[in-house]
file start37.txt (compact mmCIF, C-alpha atoms)
# COMPACT_ATOMS: atom_id res chain seq x y z
CA MET X 1448 -19.23 -30.38 2.75
CA GLY X 1449 -16.33 -32.18 1.01
CA THR X 1450 -12.79 -32.72 2.25
CA LYS X 1451 -11.52 -29.58 0.59
CA THR X 1452 -11.40 -26.38 2.63
CA SER X 1453 -14.39 -24.31 1.60
CA ILE X 1454 -13.95 -20.58 1.06
CA LEU X 1455 -16.53 -17.89 0.39
CA ILE X 1456 -15.25 -14.63 -1.09
CA LEU X 1457 -17.35 -11.46 -0.97
CA ASP X 1458 -16.13 -8.33 -2.74
CA ASP X 1459 -18.20 -5.88 -4.76
CA GLU X 1460 -15.33 -5.41 -7.19
CA PRO X 1461 -15.56 -8.10 -9.89
CA ILE X 1462 -11.84 -7.67 -10.65
CA VAL X 1463 -10.96 -8.95 -7.17
CA ILE X 1464 -13.18 -12.01 -7.58
CA LYS X 1465 -11.79 -12.64 -11.05
CA ARG X 1466 -8.28 -12.64 -9.66
CA LEU X 1467 -8.83 -14.59 -6.44
CA LYS X 1468 -11.32 -17.33 -7.31
CA PRO X 1469 -9.37 -19.21 -10.01
CA SER X 1470 -6.07 -18.81 -8.15
CA LEU X 1471 -7.47 -20.28 -4.94
CA GLU X 1472 -9.24 -23.07 -6.83
CA LYS X 1473 -5.91 -23.95 -8.43
CA LYS X 1474 -4.49 -24.28 -4.94
CA GLY X 1475 -7.12 -26.90 -4.16
CA TYR X 1476 -9.74 -24.85 -2.32
CA GLU X 1477 -13.47 -25.06 -2.96
CA VAL X 1478 -14.38 -21.47 -3.70
CA GLU X 1479 -17.69 -19.64 -4.06
CA ALA X 1480 -17.55 -15.94 -4.88
CA PHE X 1481 -20.11 -13.14 -4.61
CA THR X 1482 -20.20 -9.47 -5.50
CA ASP X 1483 -23.57 -8.95 -3.80
CA SER X 1484 -23.52 -9.04 0.00
CA ARG X 1485 -27.19 -10.06 0.32
CA GLU X 1486 -26.65 -13.10 -1.89
CA ALA X 1487 -23.52 -13.98 0.07
CA LEU X 1488 -25.42 -13.68 3.33
CA ALA X 1489 -28.16 -15.98 2.08
CA ARG X 1490 -25.48 -18.50 1.09
CA VAL X 1491 -23.67 -18.51 4.47
CA GLN X 1492 -27.02 -19.05 6.16
CA GLU X 1493 -27.50 -22.13 3.98
CA GLN X 1494 -24.02 -23.54 4.41
CA ALA X 1495 -21.18 -23.08 6.87
CA PHE X 1496 -17.88 -22.26 5.14
CA ASP X 1497 -14.46 -22.97 6.65
CA ILE X 1498 -13.15 -19.56 5.66
CA VAL X 1499 -14.83 -16.33 4.59
CA VAL X 1500 -12.89 -13.56 2.86
CA THR X 1501 -14.84 -10.31 2.84
CA ASP X 1502 -14.44 -6.72 1.74
CA LEU X 1503 -15.70 -4.06 4.17
CA LYS X 1504 -17.07 -1.15 2.20
CA MET X 1505 -19.99 -2.35 0.09
CA GLU X 1506 -23.47 -1.34 -0.99
CA GLY X 1507 -26.30 -2.96 0.98
CA ILE X 1508 -25.03 -5.04 3.88
CA ASP X 1509 -21.52 -3.80 4.63
CA GLY X 1510 -18.60 -6.04 5.51
CA MET X 1511 -18.82 -5.45 9.28
CA GLN X 1512 -22.48 -6.50 9.37
CA PHE X 1513 -21.67 -9.43 7.13
CA LEU X 1514 -18.84 -10.72 9.28
CA GLU X 1515 -21.00 -10.36 12.39
CA ALA X 1516 -23.69 -12.42 10.70
CA VAL X 1517 -21.15 -15.07 9.65
CA LYS X 1518 -19.76 -15.37 13.18
CA GLU X 1519 -23.28 -15.57 14.61
CA THR X 1520 -24.39 -18.28 12.17
CA SER X 1521 -21.15 -20.24 12.20
CA PRO X 1522 -18.72 -19.27 15.00
CA GLU X 1523 -16.08 -21.75 13.74
CA THR X 1524 -15.73 -19.98 10.40
CA GLU X 1525 -12.49 -18.02 10.15
CA VAL X 1526 -13.00 -14.58 8.62
CA ILE X 1527 -10.35 -12.59 6.75
CA VAL X 1528 -11.07 -8.95 6.00
CA ILE X 1529 -9.75 -7.32 2.83
CA THR X 1530 -10.27 -3.59 2.48
CA GLY X 1531 -9.39 -0.70 0.24
CA PHE X 1532 -10.17 1.79 2.99
CA ALA X 1533 -8.25 0.67 6.02
CA THR X 1534 -8.14 2.64 9.25
CA MET X 1535 -7.00 1.77 12.76
CA GLU X 1536 -10.64 1.86 13.85
CA THR X 1537 -11.84 -0.62 11.23
CA ALA X 1538 -8.91 -2.93 12.03
CA ARG X 1539 -9.66 -2.77 15.76
CA GLU X 1540 -13.38 -3.33 15.23
CA SER X 1541 -12.71 -6.26 12.91
CA PHE X 1542 -10.50 -7.99 15.47
CA ARG X 1543 -13.04 -7.30 18.22
CA LYS X 1544 -15.57 -9.13 16.07
CA GLY X 1545 -13.21 -12.08 15.80
CA VAL X 1546 -11.52 -11.89 12.39
CA SER X 1547 -8.35 -13.87 11.93
CA ASP X 1548 -6.57 -11.40 9.63
CA PHE X 1549 -6.90 -7.94 8.17
CA LEU X 1550 -5.39 -7.19 4.76
CA ALA X 1551 -5.37 -3.80 3.10
CA LYS X 1552 -5.53 -3.59 -0.69
CA PRO X 1553 -3.45 -3.81 -2.76
CA PHE X 1554 -2.02 -7.17 -1.82
CA LYS X 1555 -0.27 -9.88 -3.74
CA LEU X 1556 -1.85 -13.30 -4.14
CA GLY X 1557 0.84 -14.80 -1.90
CA GLU X 1558 -0.32 -12.63 0.98
CA ILE X 1559 -3.92 -13.83 0.92
CA VAL X 1560 -2.77 -17.43 0.41
CA GLU X 1561 -0.60 -17.08 3.52
CA ALA X 1562 -3.50 -15.57 5.51
CA ILE X 1563 -5.77 -18.44 4.42
CA ALA X 1564 -3.14 -21.04 5.40
CA LYS X 1565 -2.83 -19.44 8.86
CA ALA X 1566 -6.61 -19.39 9.26
CA GLU X 1567 -6.80 -23.07 8.26
CA ALA X 1568 -4.10 -23.98 10.80
CA GLU X 1569 -5.90 -21.99 13.51
CA GLN X 1570 -9.15 -23.75 12.72
CA LYS X 1571 -7.53 -27.20 12.85
CA LYS X 1572 -6.03 -26.34 16.23
CA LYS X 1573 -9.42 -25.25 17.58
CA ARG X 1574 -11.14 -28.36 16.25
CA GLY X 1575 -8.42 -30.50 17.84
CA MET B 1043 -0.01 -4.94 1.77
CA LYS B 1044 3.76 -4.87 2.01
CA LEU B 1045 5.74 -1.68 2.39
CA LEU B 1046 9.40 -0.93 1.88
CA VAL B 1047 10.60 2.17 3.73
CA VAL B 1048 14.03 3.31 2.57
CA VAL B 1049 15.93 5.51 5.02
CA ASP B 1050 19.26 7.05 5.89
CA ALA B 1051 20.16 8.98 9.04
CA GLU B 1052 18.85 12.40 7.93
CA GLU B 1053 15.79 14.37 9.03
CA TYR B 1054 13.95 13.88 5.69
CA SER B 1055 14.11 10.11 6.33
CA ARG B 1056 12.56 10.57 9.77
CA GLN B 1057 9.75 12.56 8.14
CA ALA B 1058 9.23 9.87 5.52
CA ALA B 1059 9.23 7.18 8.21
CA ARG B 1060 6.60 9.10 10.23
CA ILE B 1061 4.26 9.20 7.22
CA ALA B 1062 5.03 5.57 6.35
CA ALA B 1063 4.37 4.51 9.96
CA ARG B 1064 0.98 6.19 9.98
CA PHE B 1065 0.15 4.47 6.70
CA ALA B 1066 1.40 1.10 7.97
CA ILE B 1067 -0.45 1.24 11.29
CA ASN B 1068 -3.71 2.09 9.54
CA THR B 1069 -3.35 -0.51 6.82
CA TRP B 1070 -1.81 -3.26 8.95
CA ALA B 1071 0.90 -3.65 6.36
CA ASP B 1072 4.01 -5.78 6.70
CA VAL B 1073 6.97 -3.42 6.77
CA THR B 1074 10.63 -3.65 5.90
CA ILE B 1075 12.74 -0.66 6.87
CA LEU B 1076 15.78 -0.62 4.60
CA ALA B 1077 18.58 1.59 5.90
CA LEU B 1078 21.29 2.44 3.42
CA GLN B 1079 24.78 3.23 4.54
CA ALA B 1080 27.89 4.57 2.86
CA LYS B 1081 29.21 2.21 0.24
CA ASN B 1082 32.60 1.74 1.84
CA GLY B 1083 31.52 1.17 5.45
CA ASP B 1084 32.60 -2.22 6.79
CA THR B 1085 30.80 -1.87 10.10
CA LEU B 1086 27.40 -0.52 10.97
CA ASN B 1087 27.35 3.24 10.60
CA ALA B 1088 27.11 4.99 13.99
CA ARG B 1089 24.73 7.72 12.75
CA LEU B 1090 22.37 5.10 11.34
CA LEU B 1091 22.49 3.13 14.57
CA ASP B 1092 21.53 6.32 16.41
CA ALA B 1093 18.68 7.13 14.01
CA LEU B 1094 17.16 3.66 13.64
CA PRO B 1095 15.68 3.16 17.15
CA GLU B 1096 13.71 6.40 16.78
CA ILE B 1097 12.53 5.40 13.29
CA GLN B 1098 11.50 1.92 14.48
CA CYS B 1099 9.61 3.31 17.47
CA MET B 1100 7.40 5.30 15.09
CA PHE B 1101 5.93 1.97 13.97
CA LEU B 1102 5.28 0.70 17.48
CA GLY B 1103 2.70 1.71 20.08
CA ASN B 1104 -0.74 0.81 21.35
CA ASP B 1105 -2.49 0.64 18.01
CA SER B 1106 0.39 -0.95 16.20
CA PRO B 1107 0.05 -4.40 14.60
CA PHE B 1108 3.76 -5.09 15.16
CA GLY B 1109 3.57 -6.05 18.82
CA GLU B 1110 5.60 -4.89 21.77
CA TYR B 1111 9.03 -3.34 21.55
CA LYS B 1112 11.93 -5.74 21.54
CA ASP B 1113 15.55 -5.26 20.61
CA THR B 1114 17.36 -8.35 19.41
CA GLY B 1115 20.28 -6.42 17.93
CA PHE B 1116 21.48 -6.57 14.35
CA GLN B 1117 22.80 -9.83 12.96
CA ALA B 1118 25.18 -9.84 10.00
CA VAL B 1119 23.34 -11.99 7.43
CA SER B 1120 25.80 -11.58 4.58
CA ASP B 1121 28.62 -9.32 3.53
CA GLY B 1122 27.29 -5.76 3.83
CA THR B 1123 23.82 -6.73 5.15
CA TRP B 1124 22.65 -6.62 8.75
CA GLU B 1125 19.15 -7.60 9.85
CA MET B 1126 16.92 -7.27 12.89
CA ASP B 1127 13.42 -8.74 13.18
CA ARG B 1128 11.48 -6.31 15.32
CA THR B 1129 8.18 -8.15 15.26
CA GLY B 1130 7.06 -8.65 18.85
CA SER B 1131 5.86 -12.07 19.97
CA ASP B 1132 2.33 -10.63 20.08
CA GLY B 1133 2.73 -8.95 16.68
CA ARG B 1134 0.27 -9.76 13.94
CA LYS B 1135 2.33 -8.19 11.16
CA GLN B 1136 6.02 -8.19 10.39
CA LEU B 1137 8.40 -5.31 11.05
CA LYS B 1138 11.90 -6.04 9.80
CA VAL B 1139 14.90 -3.71 9.78
CA LEU B 1140 17.78 -4.15 7.36
CA VAL B 1141 20.97 -2.18 6.95
CA ARG B 1142 22.72 -2.65 3.64
CA ARG B 1143 25.70 -1.14 1.89
CA GLY B 1144 26.62 -1.31 -1.78
CA ASP B 1145 25.03 0.08 -4.91
CA TRP B 1146 21.93 1.74 -3.44
CA LEU B 1147 19.72 1.66 -6.53
CA ARG B 1148 20.47 -2.02 -7.05
CA ILE B 1149 19.87 -2.75 -3.37
CA VAL B 1150 16.45 -1.07 -3.41
CA SER B 1151 15.42 -3.00 -6.54
CA GLU B 1152 16.63 -6.28 -5.06
CA GLN B 1153 14.82 -5.67 -1.78
CA LEU B 1154 11.59 -4.72 -3.54
CA GLU B 1155 11.73 -7.96 -5.48
CA GLN B 1156 12.58 -10.00 -2.41
CA GLU B 1157 9.87 -8.48 -0.21
CA GLN B 1158 7.31 -8.37 -3.04
CA ALA B 1159 6.52 -4.87 -1.77
CA ASP B 1160 3.47 -3.02 -3.06
CA PHE B 1161 4.47 0.51 -2.11
CA LEU B 1162 7.73 2.25 -1.34
CA PHE B 1163 8.36 5.28 0.88
CA LEU B 1164 11.47 7.42 0.97
CA GLY B 1165 12.28 10.98 1.95
CA ALA B 1166 13.81 13.81 0.01
CA SER B 1167 15.22 17.06 1.22
CA SER B 1168 13.68 20.25 -0.14
CA ASP B 1169 16.97 22.11 -0.28
CA LYS B 1170 19.59 19.43 -0.91
CA PRO B 1171 18.84 17.01 -3.78
CA GLU B 1172 21.11 14.21 -2.62
CA TRP B 1173 21.60 11.33 -0.18
CA GLU B 1174 25.19 11.24 1.07
CA GLY B 1175 26.56 12.57 -2.17
CA GLU B 1176 24.28 10.39 -4.32
CA LEU B 1177 22.62 13.07 -6.41
CA ARG B 1178 18.79 12.87 -6.70
CA PHE B 1179 18.74 9.39 -5.20
CA PRO B 1180 15.05 9.35 -4.12
CA GLN B 1181 14.08 10.80 -7.48
CA LYS B 1182 16.04 8.10 -9.30
CA VAL B 1183 14.41 5.39 -7.19
CA ALA B 1184 10.90 6.71 -7.90
CA ALA B 1185 11.64 6.92 -11.61
CA THR B 1186 13.12 3.42 -11.77
CA VAL B 1187 11.23 1.02 -9.52
CA PRO B 1188 8.31 -1.04 -10.89
CA CYS B 1189 5.94 -0.39 -7.98
CA SER B 1190 4.26 2.83 -6.83
CA SER B 1191 6.35 5.05 -4.60
CA PHE B 1192 5.89 7.99 -2.26
CA VAL B 1193 8.67 10.57 -2.20
CA VAL B 1194 8.02 12.41 1.06
CA LYS B 1195 8.94 16.06 1.43
CA GLY B 1196 8.00 17.79 4.63
CA SER B 1197 6.06 16.51 7.59
CA SER B 1198 2.54 16.37 6.20
CA MET B 1199 0.74 15.13 3.10
CA GLY B 1200 -1.65 18.06 2.97
CA LYS B 1201 -5.40 17.71 2.56
CA THR B 1202 -5.46 17.39 -1.20
CA LEU B 1203 -4.21 14.66 -3.47
CA VAL B 1204 -4.03 15.78 -7.09
CA CYS B 1205 -3.65 12.83 -9.45
CA CYS B 1206 -2.86 13.40 -13.12
CA LEU B 1207 -4.32 10.81 -15.45
CA ASP B 1208 -3.76 10.54 -19.16
CA GLN B 1209 -4.00 6.88 -19.89
CA ALA B 1210 -6.81 4.48 -20.49
CA SER B 1211 -5.17 1.71 -18.50
CA VAL B 1212 -4.88 2.43 -14.80
CA SER B 1213 -3.76 -0.37 -12.54
CA GLN B 1214 -6.11 -1.61 -9.83
CA GLU B 1215 -3.17 -1.44 -7.40
CA SER B 1216 -2.71 2.29 -8.01
CA LEU B 1217 -6.44 2.96 -7.47
CA GLU B 1218 -6.25 1.07 -4.20
CA ILE B 1219 -3.17 2.94 -3.01
CA ILE B 1220 -5.00 6.21 -3.63
CA ASN B 1221 -8.00 4.88 -1.64
CA GLN B 1222 -5.78 4.18 1.31
CA LEU B 1223 -3.96 7.52 1.10
CA VAL B 1224 -7.12 9.64 0.96
CA THR B 1225 -8.82 7.55 3.66
CA ILE B 1226 -5.97 7.86 6.13
CA GLN B 1227 -5.35 11.52 5.37
CA GLU B 1228 -9.05 12.39 5.00
CA ALA B 1229 -7.89 14.16 1.90
CA GLU B 1230 -9.82 15.45 -1.06
CA LEU B 1231 -9.01 13.78 -4.37
CA LYS B 1232 -8.66 15.74 -7.60
CA ILE B 1233 -8.34 13.75 -10.79
CA VAL B 1234 -6.75 15.73 -13.57
CA GLY B 1235 -7.26 14.68 -17.17
CA LEU B 1236 -4.93 15.88 -19.90
CA THR B 1237 -6.34 17.38 -23.04
CA GLY B 1238 -4.31 17.47 -26.26
CA PRO B 1239 -4.76 19.55 -29.42
CA HIS B 1240 -7.86 17.50 -30.24
CA GLY B 1241 -9.34 17.56 -26.76
CA LEU B 1242 -9.53 14.69 -24.37
CA ARG B 1243 -8.95 11.31 -25.95
CA GLU B 1244 -12.16 9.30 -25.91
CA LYS B 1245 -10.64 6.34 -24.08
CA VAL B 1246 -9.08 8.56 -21.45
CA GLU B 1247 -12.37 10.41 -20.94
CA GLU B 1248 -14.15 7.09 -20.50
CA ARG B 1249 -11.52 5.90 -18.04
CA MET B 1250 -11.63 9.20 -16.13
CA MET B 1251 -15.36 8.83 -15.67
CA GLN B 1252 -14.92 5.23 -14.52
CA VAL B 1253 -12.27 6.33 -12.03
CA LEU B 1254 -14.50 9.15 -10.78
CA ARG B 1255 -17.42 6.73 -10.41
CA TYR B 1256 -15.17 4.22 -8.63
CA TYR B 1257 -14.29 6.79 -5.99
CA THR B 1258 -17.65 8.50 -5.57
CA GLU B 1259 -19.41 5.14 -5.16
CA ARG B 1260 -17.02 4.45 -2.31
CA GLY B 1261 -17.69 7.74 -0.60
CA VAL B 1262 -14.39 9.39 -1.56
CA ARG B 1263 -14.72 13.10 -2.28
CA ALA B 1264 -13.35 13.35 -5.81
CA TRP B 1265 -13.29 16.10 -8.41
CA VAL B 1266 -12.36 16.01 -12.06
CA ARG B 1267 -10.45 18.73 -13.82
CA LEU B 1268 -9.04 19.07 -17.32
CA VAL B 1269 -5.65 20.56 -18.07
CA ASN B 1270 -4.05 21.18 -21.42
CA GLU B 1271 -1.01 19.00 -22.05
CA GLU B 1272 1.26 21.98 -22.59
CA GLU B 1273 0.27 23.52 -19.30
CA LEU B 1274 0.89 20.36 -17.34
CA PRO B 1275 4.38 21.09 -15.95
CA ALA B 1276 3.26 24.52 -14.70
CA PHE B 1277 -0.01 23.09 -13.33
CA ALA B 1278 1.78 20.26 -11.56
CA HIS B 1279 4.23 22.68 -10.01
CA GLU B 1280 1.37 24.89 -8.77
CA ALA B 1281 -0.59 21.90 -7.42
CA SER B 1282 2.43 20.70 -5.48
CA LYS B 1283 2.28 23.89 -3.40
CA THR B 1284 -0.99 22.95 -1.74
CA GLY B 1285 -1.03 19.18 -1.47
CA THR B 1286 0.47 15.93 -2.60
CA LEU B 1287 0.78 15.37 -6.30
CA GLY B 1288 0.19 11.97 -7.84
CA LEU B 1289 1.39 11.05 -11.30
CA TRP B 1290 0.17 7.90 -12.99
CA LEU B 1291 3.24 6.79 -14.89
CA GLY B 1292 2.25 3.45 -16.29
CA LYS B 1293 3.86 1.91 -19.33
CA LYS B 1294 1.25 3.36 -21.67
CA SER B 1295 1.18 6.79 -20.11
CA LEU B 1296 1.63 9.90 -22.21
CA LEU B 1297 2.78 11.58 -19.05
CA THR B 1298 6.08 9.85 -19.66
CA LYS B 1299 6.40 12.25 -22.60
CA PHE B 1300 6.37 15.16 -20.17
CA PHE B 1301 8.05 13.31 -17.36
CA SER B 1302 10.82 11.35 -18.98
CA LYS B 1303 13.12 9.83 -16.36
CA ASP B 1304 15.31 12.94 -16.27
CA ARG B 1305 12.43 15.37 -16.18
CA LEU B 1306 10.65 13.38 -13.52
CA GLU B 1307 13.76 13.56 -11.36
CA GLN B 1308 13.93 17.31 -11.96
CA PHE B 1309 10.23 17.70 -11.19
CA ILE B 1310 10.41 15.84 -7.90
CA THR B 1311 13.46 17.89 -6.97
CA ALA B 1312 11.64 21.15 -7.73
CA SER B 1313 8.32 20.10 -6.16
CA GLU B 1314 7.51 21.90 -2.94
CA SER B 1315 5.61 18.95 -1.51
CA SER B 1316 5.51 15.16 -1.58
CA VAL B 1317 5.02 13.31 -4.86
CA VAL B 1318 3.35 9.94 -5.35
CA ILE B 1319 4.36 8.05 -8.47
CA LEU B 1320 1.62 5.57 -9.37
CA LYS B 1321 2.42 2.55 -11.50
call {"tool": "encode", "arguments": {"input": "start37.txt", "output": "structure tokens"}}
result
Amino acid sequence: MGTKTSILILDDEPIVIKRLKPSLEKKGYEVEAFTDSREALARVQEQAFDIVVTDLKMEGIDGMQFLEAVKETSPETEVIVITGFATMETARESFRKGVSDFLAKPFKLGEIVEAIAKAEAEQKKKRG
Amino acid sequence: MKLLVVVDAEEYSRQAARIAARFAINTWADVTILALQAKNGDTLNARLLDALPEIQCMFLGNDSPFGEYKDTGFQAVSDGTWEMDRTGSDGRKQLKVLVRRGDWLRIVSEQLEQEQADFLFLGASSDKPEWEGELRFPQKVAATVPCSSFVVKGSSMGKTLVCCLDQASVSQESLEIINQLVTIQEAELKIVGLTGPHGLREKVEERMMQVLRYYTERGVRAWVRLVNEEELPAFAHEASKTGTLGLWLGKKSLLTKFFSKDRLEQFITASESSVVILK
């Protein structure tokens, strides 16, 4: 892994990927993006990412299963959930599983950038 | 997501705040409550000060992302603006309360811009179309602001959300706001397409089908219905009796032909239930 913070984005809506990936790359992050949760899962099992941004409601492996798998494979990875179908229950469950933030759609780019910055700071603190 | 909840001291504002609080707690949104007071008041209005603790408490509680209750008191931040940050030390999201006086429409626009809010809530009375003498204020806000807004009438959203669509370009933000509304309310979604003298425009039909597919793939119960353009005002009025009505009023929307700014204001005033304006 390089010196840049690595981010994996998983969202089955291509429009979300199209919007987030180039914007985060411009901010200096190393970004890989997936619309297919199985492919994303295979990738996180190959490489540990600093931050994972995942949608919840998806075909195949859903976001909850995905974030569980990420935390199991790489407990240091900070996970941010983005969802179009937020409920108190999904928020609670996400935090129980160790996510660092929960963002409901729609959100502005600034909001996800802020959540990523907080997750980075948290990770640095944990790593000492 | 960031929400702006515009209130005064009346009951319709409490109802709007209740619905906004439910939405905010489910979506873990950052919230700014903007309380508007009479234009000539130099000090904080006593009725607003009485109403605001109750409104703020609606956003707090066990499942709330705003943390524990704390009361730091209002600080004057500039001439005619008072602010209180109600985010508890254990809060994950921000809850801010502002009281402002001045030109209300301008204040709401300024605050939206400043907060970069995605969705705006405000209440309207069913029998009195004004806020402290400002005629059709919520209606004017909904017709003017660039983001989607929810004009709340009554205490519930109902179990149906009827959204009228006539344009090929529908913003992703508006689709996502509908997702959140129907999820939280467990409501049924009806998408209404407008047909003109030559039937449904091809691009609109295509977009309607895409929208329907978008929702059904995500497990949202959605139905499609066609309504003739000329019958739209009557249809919309009828639909507003049983649930919340959503109008997509984007820049390219033909609905703006039926709901020009004045007619939209009149429609919201006449509507028996809440209206969501999607942009």
call {"tool": "residues_around", "arguments": {"input": "start37.txt", "residues": "stretch 1257-1274 of chain B", "least_positions_apart": "2", "cutoff": "6 Å", "atoms": "all atoms listed in the file", "output": "PyMOL selection string"}}
result
chain B and resi 1230-1238+1254-1255+1276-1278
call {"tool": "residues_around", "arguments": {"input": "start37.txt", "residues": "B:Ala1063", "least_positions_apart": "6", "cutoff": "9 Å", "atoms": "only C-alpha atoms", "output": "NGL selection string"}}
result
:B and (1073 or 1097-1098 or 1100-1102)
call {"tool": "interface_residues", "arguments": {"input": "start37.txt", "of": "chain B", "to": "chain X", "cutoff": "6 Å", "atoms": "only C-alpha atoms", "output": "PyMOL selection string"}}
result
chain B and resi 1043+1068-1069+1215+1218+1221-1222+1225
call {"tool": "write_last_selection", "arguments": {"input": "start37.txt", "atoms": "C-alpha atoms", "output": "compact mmCIF listing (two decimals), in the coordinates of the input"}}
result
# COMPACT_ATOMS: atom_id res chain seq x y z
CA MET B 1043 -0.01 -4.94 1.77
CA ASN B 1068 -3.71 2.09 9.54
CA THR B 1069 -3.35 -0.51 6.82
CA GLU B 1215 -3.17 -1.44 -7.40
CA GLU B 1218 -6.25 1.07 -4.20
CA ASN B 1221 -8.00 4.88 -1.64
CA GLN B 1222 -5.78 4.18 1.31
CA THR B 1225 -8.82 7.55 3.66
call {"tool": "residues_near_point", "arguments": {"input": "start37.txt", "point": "(-12.3, -26.4, -6.4)", "cutoff": "12 Å", "atoms": "all atoms listed in the file", "output": "list in words"}}
result
Gly1449, Thr1450, Lys1451, Thr1452, Ser1453, Ile1454, Leu1455, Lys1468, Pro1469, Ser1470, Leu1471, Glu1472, Lys1473, Lys1474, Gly1475, Tyr1476, Glu1477, Val1478, Glu1479 and Ala1480 of chain X
call {"tool": "atom_distance", "arguments": {"input": "start37.txt", "atom1": "atom CA of X:Glu1561", "atom2": "atom CA of B:Arg1060"}}
result
28.0 Å
call {"tool": "closest_residue", "arguments": {"input": "start37.txt", "among": "X:Val1517, X:Gly1545, X:Asp1509, X:Thr1482", "to": "X:Gln1494", "atoms": "all atoms listed in the file"}}
result
X:Val1517
call {"tool": "atom_distance", "arguments": {"input": "start37.txt", "atom1": "atom CA of B:Val1212", "atom2": "atom CA of B:Ala1185"}}
result
17.4 Å
call {"tool": "atom_distance", "arguments": {"input": "start37.txt", "atom1": "atom CA of B:Phe1192", "atom2": "atom CA of B:Ala1281"}}
result
16.2 Å
call {"tool": "residues_near_point", "arguments": {"input": "start37.txt", "point": "(1.4, 19.3, 5.2)", "cutoff": "10 Å", "atoms": "all atoms listed in the file", "output": "PyMOL selection string"}}
result
chain B and resi 1195-1202+1283-1286+1315-1316
call {"tool": "closest_residue", "arguments": {"input": "start37.txt", "among": "X:Val1546, X:Ala1516, X:Lys1573, X:Ile1456", "to": "X:Ala1489", "atoms": "only C-alpha atoms"}}
result
X:Ala1516
call {"tool": "closest_residue", "arguments": {"input": "start37.txt", "among": "B:Val1119, B:Ala1071, B:Leu1091, B:Ala1051", "to": "B:Pro1107", "atoms": "only C-alpha atoms"}}
result
B:Ala1071
call {"tool": "residues_around", "arguments": {"input": "start37.txt", "residues": "B:Ala1058", "least_positions_apart": "5", "cutoff": "7 Å", "atoms": "all atoms listed in the file", "output": "JSON, numbers by chain"}}
result
{"B": [1163, 1164, 1165, 1194]}
call {"tool": "write_last_selection", "arguments": {"input": "start37.txt", "atoms": "C-alpha atoms", "output": "PDB file, keeping the file's coordinate frame"}}
result
ATOM      1  CA  PHE B1163       8.360   5.280   0.880  1.00  0.00           C
ATOM      2  CA  LEU B1164      11.470   7.420   0.970  1.00  0.00           C
ATOM      3  CA  GLY B1165      12.280  10.980   1.950  1.00  0.00           C
ATOM      4  CA  VAL B1194       8.020  12.410   1.060  1.00  0.00           C
TER       5      VAL B1194
END
call {"tool": "closest_residue", "arguments": {"input": "start37.txt", "among": "B:Cys1189, B:Val1183, B:Pro1095, B:Asn1082", "to": "B:Arg1056", "atoms": "all atoms listed in the file"}}
result
B:Pro1095
call {"tool": "closest_residue", "arguments": {"input": "start37.txt", "among": "X:Val1560, X:Leu1514, X:Val1528, X:Ala1566", "to": "X:Val1500", "atoms": "all atoms listed in the file"}}
result
X:Val1528
